[in-house]
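Trainee: My structure file start-v7.cif, mmCIF, C-alpha atoms, is below:
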```
data_model
#
loop_
_atom_site.label_atom_id
_atom_site.label_comp_id
_atom_site.auth_asym_id
_atom_site.auth_seq_id
_atom_site.Cartn_x
_atom_site.Cartn_y
_atom_site.Cartn_z
CA MET A 1 10.24 5.70 -11.36
CA LEU A 2 11.28 2.80 -9.17
CA ARG A 3 12.69 -0.36 -10.73
CA TRP A 4 13.49 -3.80 -9.29
CA LEU A 5 17.10 -2.79 -8.55
CA ASP A 6 15.79 0.09 -6.40
CA VAL A 7 13.51 -2.28 -4.47
CA VAL A 8 16.36 -4.74 -3.81
CA THR A 9 18.67 -1.91 -2.79
CA PHE A 10 16.13 -0.58 -0.29
CA ALA A 11 15.50 -4.07 1.14
CA ARG A 12 19.23 -4.78 1.45
CA TYR A 13 20.72 -1.45 2.53
CA GLY A 14 17.95 0.60 4.08
CA ASN A 15 14.64 2.18 3.24
CA PRO A 16 13.91 5.82 2.48
CA GLU A 17 13.03 8.00 5.45
CA PRO A 18 9.23 8.29 5.89
CA PRO A 19 7.58 11.72 6.00
CA ARG A 20 6.37 10.95 9.55
CA ARG A 21 6.03 7.96 11.88
CA VAL A 22 3.00 6.44 13.60
CA GLU A 23 3.80 4.05 16.43
CA LYS A 24 1.19 2.26 18.52
CA SER A 25 1.16 -0.83 20.69
CA ALA A 26 -0.51 -4.03 19.47
CA ALA A 27 -3.35 -3.38 21.92
CA GLU A 28 -3.89 0.14 20.53
CA TRP A 29 -3.94 -1.19 16.94
CA ALA A 30 -6.40 -3.93 17.97
CA GLN A 31 -8.77 -1.27 19.33
CA LEU A 32 -8.46 0.96 16.26
CA LEU A 33 -8.71 -1.60 13.46
CA PRO A 34 -11.47 -4.05 12.52
CA PRO A 35 -10.38 -7.69 13.01
CA GLU A 36 -9.57 -8.40 9.32
CA GLN A 37 -7.51 -5.23 8.97
CA PHE A 38 -5.69 -6.01 12.22
CA ARG A 39 -4.89 -9.53 10.98
CA VAL A 40 -3.45 -8.24 7.70
CA LEU A 41 -1.78 -5.00 8.78
CA ARG A 42 -0.39 -6.05 12.15
CA GLU A 43 -0.10 -9.87 11.93
CA GLN A 44 1.03 -10.12 8.27
CA ALA A 45 -1.96 -12.23 7.19
CA THR A 46 -3.12 -12.51 3.59
CA GLU A 47 -6.75 -12.13 2.60
CA PRO A 48 -8.34 -14.61 0.16
CA PRO A 49 -7.69 -13.92 -3.54
CA TYR A 50 -10.48 -12.42 -5.66
CA ARG A 51 -12.76 -12.01 -2.60
CA ASN A 52 -11.55 -8.63 -1.46
CA ALA A 53 -12.75 -5.05 -1.82
CA TYR A 54 -10.35 -3.65 -4.40
CA CYS A 55 -9.38 -6.59 -6.60
CA ARG A 56 -11.82 -5.56 -9.35
CA ALA A 57 -12.20 -1.87 -8.44
CA TYR A 58 -10.88 0.74 -10.87
CA GLU A 59 -12.40 3.98 -9.58
CA PRO A 60 -10.24 7.11 -9.65
CA GLY A 61 -8.63 8.35 -6.48
CA ASP A 62 -5.79 7.51 -4.15
CA TYR A 63 -5.18 4.46 -2.01
CA VAL A 64 -4.10 5.26 1.53
CA CYS A 65 -2.97 3.00 4.36
CA ALA A 66 -5.96 1.68 6.31
CA GLY A 67 -3.92 2.03 9.50
CA CYS A 68 -2.56 5.58 9.30
CA ASP A 69 -4.08 7.22 6.17
CA SER A 70 -0.67 7.71 4.52
CA LEU A 71 -0.79 7.98 0.74
CA LEU A 72 0.48 4.72 -0.79
CA PHE A 73 -0.73 4.36 -4.39
CA SER A 74 -2.64 6.27 -7.04
CA ALA A 75 -5.51 4.52 -8.79
CA ALA A 76 -3.80 5.61 -12.03
CA THR A 77 -1.06 3.02 -11.35
CA LYS A 78 -3.50 0.16 -10.63
CA TYR A 79 -3.82 -2.54 -13.27
CA HIS A 80 -5.48 -5.90 -13.83
CA ALA A 81 -2.75 -8.43 -13.03
CA ILE A 82 -5.04 -11.47 -12.59
CA SER A 83 -3.35 -12.18 -9.26
CA GLY A 84 -6.46 -12.02 -7.07
CA TRP A 85 -5.32 -8.90 -5.23
CA PRO A 86 -5.08 -5.24 -6.21
CA SER A 87 -1.90 -4.67 -8.21
CA PHE A 88 -0.01 -1.43 -8.76
CA THR A 89 3.01 -0.53 -10.90
CA GLN A 90 4.49 2.20 -8.66
CA PRO A 91 4.01 3.68 -5.20
CA ALA A 92 2.65 7.22 -4.90
CA HIS A 93 6.11 8.46 -3.91
CA LYS A 94 9.54 6.96 -3.28
CA ASN A 95 9.26 6.95 0.51
CA ALA A 96 5.68 5.63 0.77
CA ILE A 97 6.77 1.98 1.01
CA TRP A 98 9.17 0.08 3.30
CA TYR A 99 10.81 -3.07 1.85
CA ARG A 100 12.29 -6.22 3.40
CA PHE A 101 13.26 -9.65 2.14
CA ASP A 102 10.70 -12.30 3.08
CA HIS A 103 11.74 -15.97 3.03
CA SER A 104 8.56 -17.34 4.64
CA HIS A 105 6.52 -20.18 3.16
CA HIS A 106 9.62 -21.53 1.35
CA MET A 107 9.57 -18.57 -1.08
CA GLN A 108 11.89 -15.67 -1.79
CA ARG A 109 9.88 -12.45 -1.96
CA VAL A 110 10.08 -8.80 -0.98
CA GLU A 111 7.49 -7.77 1.59
CA VAL A 112 6.11 -4.24 1.41
CA ARG A 113 4.84 -2.26 4.37
CA CYS A 114 3.56 1.22 4.95
CA ASN A 115 6.69 3.27 5.62
CA VAL A 116 4.84 5.42 8.19
CA CYS A 117 3.15 2.83 10.48
CA GLN A 118 4.91 -0.37 9.33
CA GLY A 119 1.57 -2.01 8.49
CA HIS A 120 1.90 -5.08 6.26
CA LEU A 121 0.61 -4.39 2.75
CA GLY A 122 1.68 -7.38 0.67
CA HIS A 123 4.63 -8.06 -1.64
CA VAL A 124 6.33 -6.61 -4.71
CA PHE A 125 7.48 -8.70 -7.65
CA ALA A 126 9.63 -8.08 -10.72
CA ASP A 127 7.00 -9.36 -13.18
CA GLY A 128 4.99 -6.18 -13.70
CA PRO A 129 4.40 -4.27 -16.93
CA ALA A 130 6.91 -1.95 -18.62
CA PRO A 131 8.45 0.48 -18.15
CA GLY A 132 9.18 -0.14 -14.44
CA GLY A 133 8.48 -3.88 -14.40
CA LEU A 134 7.09 -3.87 -10.85
CA ARG A 135 3.93 -5.51 -9.54
CA TYR A 136 2.91 -4.42 -6.05
CA CYS A 137 0.46 -7.15 -4.97
CA ILE A 138 -1.45 -5.59 -2.07
CA ASN A 139 -4.11 -6.79 0.36
CA SER A 140 -7.34 -4.77 0.07
CA ALA A 141 -7.64 -4.85 3.87
CA SER A 142 -4.46 -2.75 4.02
CA LEU A 143 -5.96 -0.02 1.87
CA ARG A 144 -8.67 2.60 1.79
CA LEU A 145 -9.69 4.29 -1.47
CA VAL A 146 -10.07 8.05 -1.21
CA ALA A 147 -12.21 9.33 -4.07
CA PRO A 148 -11.22 12.62 -5.74
CA GLU A 149 -14.26 14.43 -4.22
CA GLN A 150 -13.15 13.37 -0.74
CA GLU A 151 -9.62 14.65 -1.44
CA ASP A 152 -11.00 18.05 -2.53
CA ALA A 153 -13.18 18.31 0.58
CA LYS A 154 -10.28 17.24 2.82
CA SER A 155 -8.02 19.91 1.24
CA ALA A 156 -10.73 22.56 1.71
CA VAL A 157 -11.12 21.68 5.39
CA SER A 158 -7.36 21.78 5.96
CA LEU A 159 -7.28 25.25 4.35
CA GLY A 160 -10.16 26.47 6.53
CA VAL A 161 -12.59 26.72 3.59
CA ASP A 162 -16.21 25.68 4.07
CA SER A 163 -16.55 24.09 0.64
CA VAL A 164 -14.69 23.68 -2.59
CA PRO A 165 -15.73 26.33 -5.14
CA PRO A 166 -17.28 24.99 -8.35
CA GLN A 167 -14.96 24.61 -11.32
CA SER A 168 -15.50 27.23 -14.01
CA GLU A 169 -15.95 25.97 -17.54
#
```
In structure tokens, write the structure found in this file.
Mentor:
Amino acid sequence: MLRWLDVVTFARYGNPEPPRRVEKSAAEWAQLLPPEQFRVLREQATEPPYRNAYCRAYEPGDYVCAGCDSLLFSAATKYHAISGWPSFTQPAHKNAIWYRFDHSHHMQRVEVRCNVCQGHLGHVFADGPAPGGLRYCINSASLRLVAPEQEDAKSAVSLGVDSVPPQSE
């Protein structure tokens, strides 16, 4: 479990190594992403609070990066923070997120990005619930929810199986 001290350490001394890297030019990203996702992921914009896709969504599944499909958060760690944006208590794994100090807009914050493609996600704060105390405040435009059925089908395809066998009771 990550805590605030871990986040500050990563931002100050270096981030964990990502499982892979995705690098594209700004022009390539602009062709691949819809305008709102490009603005948020590549130009560090912030979408309006409460008027975004995942602010009030609590379906099961995993949240992946809208730019490179890297696993970022599990829906099990999402909670209602009343911030206007989706909020999570922990990343899916230690090296999913890249951290850096952000002193823009006369504030002191820690920006979070996808560790694989460096897409801007949002910020992390030390005011989250116990036990970790973290609140990852993330733009919906940076995310894509993958429902459990989609994950099963994706796993079956990667294994060369036509379909997922039914669960026995």
Trainee: So that I can see what lies close to Leu145 (chain A), please list as a PyMOL selection string the residues with an atom at most 7 Å from it, counting all atoms listed in the file and leaving out residues fewer than 4 positions away in the same chain.
Mentor: chain A and resi 61-64
Trainee: Please report the interatomic distance between CA of Ser74 (chain A) and CA of Gln108 (chain A) in Å with one decimal.
Mentor: 26.8 Å
Trainee: Find, counting all atoms listed in the file, the residue in A:Arg113, A:His123, A:Arg12, A:Arg135 that gets nearest to Leu41 (chain A).
Mentor: A:Arg113
Trainee: May I ask which of the residues A:Pro91, A:Pro60, A:Gly14, A:Gly133 is the closest one to Ala76 (chain A), counting only C-alpha atoms?
Mentor: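 Residue with the minimum atom-to-atom distance to Ala76 (chain A): A:Pro60.
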Trainee: Name the residues that the PyMOL selection byres ((chain A and resi 7) around 10) pulls out of this structure, and write them as a ChimeraX atom specification.
Mentor: /A:2-6,8-12,15,97-101,110,112,124-126,134
Trainee: With all atoms listed in the file as the atoms that count, which of A:Leu33, A:Ala141, A:Ala53, A:Leu71 lies nearest to His120 (chain A)?
Mentor: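 Comparing A:Leu33, A:Ala141, A:Ala53, A:Leu71 against His120 (chain A), the winner is A:Ala141.
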Trainee: How far is it from CA of Pro148 (chain A) to CA of Pro19 (chain A), in Å with one decimal?
Mentor: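 These atoms are spaced 22.2 Å apart.
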Trainee: For the point (-3.1, 3.5, 8.6) in file coordinates, what residues are within 8 Å, counting all atoms listed in the file? Give the answer as a PyMOL selection string?
Mentor: chain A and resi 64-70+114+117+119+142
Trainee: Just C-alpha atoms for this one: save the residues we selected as a PDB file, in the frame of the given file.
Mentor:
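Listing of again-v8.pdb after writing:
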```
ATOM      1  CA  VAL A  64      -4.100   5.260   1.530  1.00  0.00           C
ATOM      2  CA  CYS A  65      -2.970   3.000   4.360  1.00  0.00           C
ATOM      3  CA  ALA A  66      -5.960   1.680   6.310  1.00  0.00           C
ATOM      4  CA  GLY A  67      -3.920   2.030   9.500  1.00  0.00           C
ATOM      5  CA  CYS A  68      -2.560   5.580   9.300  1.00  0.00           C
ATOM      6  CA  ASP A  69      -4.080   7.220   6.170  1.00  0.00           C
ATOM      7  CA  SER A  70      -0.670   7.710   4.520  1.00  0.00           C
ATOM      8  CA  CYS A 114       3.560   1.220   4.950  1.00  0.00           C
ATOM      9  CA  CYS A 117       3.150   2.830  10.480  1.00  0.00           C
ATOM     10  CA  GLY A 119       1.570  -2.010   8.490  1.00  0.00           C
ATOM     11  CA  SER A 142      -4.460  -2.750   4.020  1.00  0.00           C
TER      12      SER A 142
END
```
Trainee: Using Å and a single decimal, report how far CA of Ala130 (chain A) sits from CA of His106 (chain A).
Mentor: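 Taking CA of His106 (chain A) as the start and CA of Ala130 (chain A) as the end point, the length is 28.1 Å.
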Trainee: Tell me which of A:Ala30, A:Ala147, A:Val22, A:Ala57 sits closest to Val116 (chain A), counting only C-alpha atoms.
Mentor: A:Val22
Trainee: Can you list, as a list in words, the residues that the PyMOL selection byres ((chain A and resi 58) around 9) selects here?
Mentor: Tyr54, Cys55, Arg56, Ala57, Glu59, Pro60, Ala75, Ala76, Lys78 and Tyr79 of chain A
Trainee: May I have the residues from that selection written out with C-alpha atoms, as a short mmCIF file (atom, residue, chain, number, x, y, z; two decimals), in the coordinates of the input?
Mentor:
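Written out: out02.cif:
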```cif
data_model
loop_
_atom_site.label_atom_id
_atom_site.label_comp_id
_atom_site.auth_asym_id
_atom_site.auth_seq_id
_atom_site.Cartn_x
_atom_site.Cartn_y
_atom_site.Cartn_z
CA TYR A 54 -10.35 -3.65 -4.40
CA CYS A 55 -9.38 -6.59 -6.60
CA ARG A 56 -11.82 -5.56 -9.35
CA ALA A 57 -12.20 -1.87 -8.44
CA GLU A 59 -12.40 3.98 -9.58
CA PRO A 60 -10.24 7.11 -9.65
CA ALA A 75 -5.51 4.52 -8.79
CA ALA A 76 -3.80 5.61 -12.03
CA LYS A 78 -3.50 0.16 -10.63
CA TYR A 79 -3.82 -2.54 -13.27
#
```
Trainee: Would you please work out which residue, of A:Met1, A:Val146, A:His103, A:Ser140, is nearest to Glu36 (chain A) when using all atoms listed in the file?
Mentor: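 The closest residue to Glu36 (chain A) is A:Ser140.
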Trainee: Would you compute an axis-aligned box for region 95-111 of chain A, covering every atom listed for it in the file with 4 Å of margin on each side, and report centre and edge lengths in Å to one decimal as JSON?
Mentor:
```
{"center_x": 9.5, "center_y": -7.3, "center_z": 1.3, "size_x": 15.6, "size_y": 36.5, "size_z": 14.6}
```
Trainee: May I have the residues within 8 Å of Pro48 (chain A) as a VMD selection string, using all atoms listed in the file and disregarding those fewer than 3 positions away in the same chain?
Mentor: chain A and resid 51 to 52 84
Trainee: Any chance you can output those residues with C-alpha atoms as a CSV table (one decimal), keeping the file's coordinate frame?
Mentor:
```
chain,number,residue,atom,x,y,z
A,51,ARG,CA,-12.8,-12.0,-2.6
A,52,ASN,CA,-11.6,-8.6,-1.5
A,84,GLY,CA,-6.5,-12.0,-7.1
```
Trainee: With only C-alpha atoms as the atoms that count, which of A:Glu17, A:Trp29, A:Pro34, A:Thr89 lies nearest to Gly132 (chain A)?
Mentor: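 Smallest separation from Gly132 (chain A) among the options: A:Thr89.
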Trainee: Could you write region 119-131 of chain A of the block just shown to a file containing all heavy atoms, as a PDB file, in the first residue's frame?
Mentor:
```pdb
ATOM      1  N   GLY A 119       0.791  10.348 -19.997  1.00  0.00           N
ATOM      2  CA  GLY A 119      -0.439  11.125 -20.120  1.00  0.00           C
ATOM      3  C   GLY A 119      -0.851  11.696 -18.770  1.00  0.00           C
ATOM      4  O   GLY A 119      -0.802  11.002 -17.751  1.00  0.00           O
ATOM      5  N   HIS A 120      -1.250  12.957 -18.764  1.00  0.00           N
ATOM      6  CA  HIS A 120      -1.694  13.625 -17.534  1.00  0.00           C
ATOM      7  C   HIS A 120      -2.997  13.003 -17.054  1.00  0.00           C
ATOM      8  O   HIS A 120      -3.955  12.868 -17.817  1.00  0.00           O
ATOM      9  CB  HIS A 120      -1.896  15.117 -17.805  1.00  0.00           C
ATOM     10  CG  HIS A 120      -2.524  15.870 -16.676  1.00  0.00           C
ATOM     11  ND1 HIS A 120      -1.833  16.184 -15.533  1.00  0.00           N
ATOM     12  CD2 HIS A 120      -3.779  16.348 -16.521  1.00  0.00           C
ATOM     13  CE1 HIS A 120      -2.648  16.845 -14.715  1.00  0.00           C
ATOM     14  NE2 HIS A 120      -3.832  16.953 -15.296  1.00  0.00           N
ATOM     15  N   LEU A 121      -3.033  12.627 -15.775  1.00  0.00           N
ATOM     16  CA  LEU A 121      -4.233  12.042 -15.185  1.00  0.00           C
ATOM     17  C   LEU A 121      -4.934  13.012 -14.253  1.00  0.00           C
ATOM     18  O   LEU A 121      -6.150  13.128 -14.264  1.00  0.00           O
ATOM     19  CB  LEU A 121      -3.865  10.772 -14.397  1.00  0.00           C
ATOM     20  CG  LEU A 121      -3.132   9.680 -15.175  1.00  0.00           C
ATOM     21  CD1 LEU A 121      -2.685   8.572 -14.237  1.00  0.00           C
ATOM     22  CD2 LEU A 121      -4.011   9.144 -16.287  1.00  0.00           C
ATOM     23  N   GLY A 122      -4.192  13.686 -13.418  1.00  0.00           N
ATOM     24  CA  GLY A 122      -4.754  14.583 -12.405  1.00  0.00           C
ATOM     25  C   GLY A 122      -3.733  14.822 -11.323  1.00  0.00           C
ATOM     26  O   GLY A 122      -2.557  15.044 -11.599  1.00  0.00           O
ATOM     27  N   HIS A 123      -4.170  14.742 -10.050  1.00  0.00           N
ATOM     28  CA  HIS A 123      -3.296  15.001  -8.911  1.00  0.00           C
ATOM     29  C   HIS A 123      -3.610  14.024  -7.788  1.00  0.00           C
ATOM     30  O   HIS A 123      -4.698  13.459  -7.739  1.00  0.00           O
ATOM     31  CB  HIS A 123      -3.466  16.436  -8.420  1.00  0.00           C
ATOM     32  CG  HIS A 123      -2.996  17.449  -9.410  1.00  0.00           C
ATOM     33  ND1 HIS A 123      -3.796  17.901 -10.445  1.00  0.00           N
ATOM     34  CD2 HIS A 123      -1.794  18.056  -9.556  1.00  0.00           C
ATOM     35  CE1 HIS A 123      -3.097  18.763 -11.171  1.00  0.00           C
ATOM     36  NE2 HIS A 123      -1.886  18.881 -10.655  1.00  0.00           N
ATOM     37  N   VAL A 124      -2.653  13.870  -6.873  1.00  0.00           N
ATOM     38  CA  VAL A 124      -2.863  13.066  -5.676  1.00  0.00           C
ATOM     39  C   VAL A 124      -2.692  13.973  -4.460  1.00  0.00           C
ATOM     40  O   VAL A 124      -1.847  14.868  -4.458  1.00  0.00           O
ATOM     41  CB  VAL A 124      -1.909  11.848  -5.616  1.00  0.00           C
ATOM     42  CG1 VAL A 124      -0.443  12.270  -5.572  1.00  0.00           C
ATOM     43  CG2 VAL A 124      -2.241  10.939  -4.449  1.00  0.00           C
ATOM     44  N   PHE A 125      -3.525  13.732  -3.467  1.00  0.00           N
ATOM     45  CA  PHE A 125      -3.529  14.538  -2.251  1.00  0.00           C
ATOM     46  C   PHE A 125      -3.450  13.635  -1.027  1.00  0.00           C
ATOM     47  O   PHE A 125      -3.829  12.465  -1.077  1.00  0.00           O
ATOM     48  CB  PHE A 125      -4.806  15.386  -2.185  1.00  0.00           C
ATOM     49  CG  PHE A 125      -4.969  16.295  -3.376  1.00  0.00           C
ATOM     50  CD1 PHE A 125      -5.712  15.887  -4.471  1.00  0.00           C
ATOM     51  CD2 PHE A 125      -4.362  17.540  -3.413  1.00  0.00           C
ATOM     52  CE1 PHE A 125      -5.871  16.708  -5.581  1.00  0.00           C
ATOM     53  CE2 PHE A 125      -4.508  18.364  -4.521  1.00  0.00           C
ATOM     54  CZ  PHE A 125      -5.265  17.949  -5.609  1.00  0.00           C
ATOM     55  N   ALA A 126      -3.016  14.202   0.079  1.00  0.00           N
ATOM     56  CA  ALA A 126      -2.849  13.446   1.325  1.00  0.00           C
ATOM     57  C   ALA A 126      -4.081  13.525   2.214  1.00  0.00           C
ATOM     58  O   ALA A 126      -3.969  13.368   3.430  1.00  0.00           O
ATOM     59  CB  ALA A 126      -1.623  13.960   2.076  1.00  0.00           C
ATOM     60  N   ASP A 127      -5.254  13.740   1.639  1.00  0.00           N
ATOM     61  CA  ASP A 127      -6.477  13.881   2.450  1.00  0.00           C
ATOM     62  C   ASP A 127      -7.488  12.765   2.183  1.00  0.00           C
ATOM     63  O   ASP A 127      -8.677  12.921   2.391  1.00  0.00           O
ATOM     64  CB  ASP A 127      -7.130  15.240   2.199  1.00  0.00           C
ATOM     65  CG  ASP A 127      -7.545  15.446   0.749  1.00  0.00           C
ATOM     66  OD1 ASP A 127      -7.344  14.541  -0.090  1.00  0.00           O
ATOM     67  OD2 ASP A 127      -8.075  16.526   0.444  1.00  0.00           O
ATOM     68  N   GLY A 128      -6.999  11.613   1.758  1.00  0.00           N
ATOM     69  CA  GLY A 128      -7.875  10.487   1.465  1.00  0.00           C
ATOM     70  C   GLY A 128      -8.194   9.674   2.712  1.00  0.00           C
ATOM     71  O   GLY A 128      -7.683   9.954   3.806  1.00  0.00           O
ATOM     72  N   PRO A 129      -9.031   8.667   2.566  1.00  0.00           N
ATOM     73  CA  PRO A 129      -9.440   7.851   3.706  1.00  0.00           C
ATOM     74  C   PRO A 129      -8.325   6.916   4.193  1.00  0.00           C
ATOM     75  O   PRO A 129      -7.369   6.626   3.463  1.00  0.00           O
ATOM     76  CB  PRO A 129     -10.623   7.042   3.152  1.00  0.00           C
ATOM     77  CG  PRO A 129     -10.378   6.972   1.689  1.00  0.00           C
ATOM     78  CD  PRO A 129      -9.683   8.256   1.323  1.00  0.00           C
ATOM     79  N   ALA A 130      -8.461   6.445   5.412  1.00  0.00           N
ATOM     80  CA  ALA A 130      -7.533   5.462   5.980  1.00  0.00           C
ATOM     81  C   ALA A 130      -7.709   4.151   5.222  1.00  0.00           C
ATOM     82  O   ALA A 130      -8.758   3.915   4.631  1.00  0.00           O
ATOM     83  CB  ALA A 130      -7.826   5.283   7.460  1.00  0.00           C
ATOM     84  N   PRO A 131      -6.757   3.279   5.166  1.00  0.00           N
ATOM     85  CA  PRO A 131      -5.507   3.364   5.905  1.00  0.00           C
ATOM     86  C   PRO A 131      -4.396   4.112   5.172  1.00  0.00           C
ATOM     87  O   PRO A 131      -3.463   4.595   5.795  1.00  0.00           O
ATOM     88  CB  PRO A 131      -5.121   1.902   6.108  1.00  0.00           C
ATOM     89  CG  PRO A 131      -5.678   1.197   4.912  1.00  0.00           C
ATOM     90  CD  PRO A 131      -6.946   1.947   4.568  1.00  0.00           C
TER      91      PRO A 131
END
```
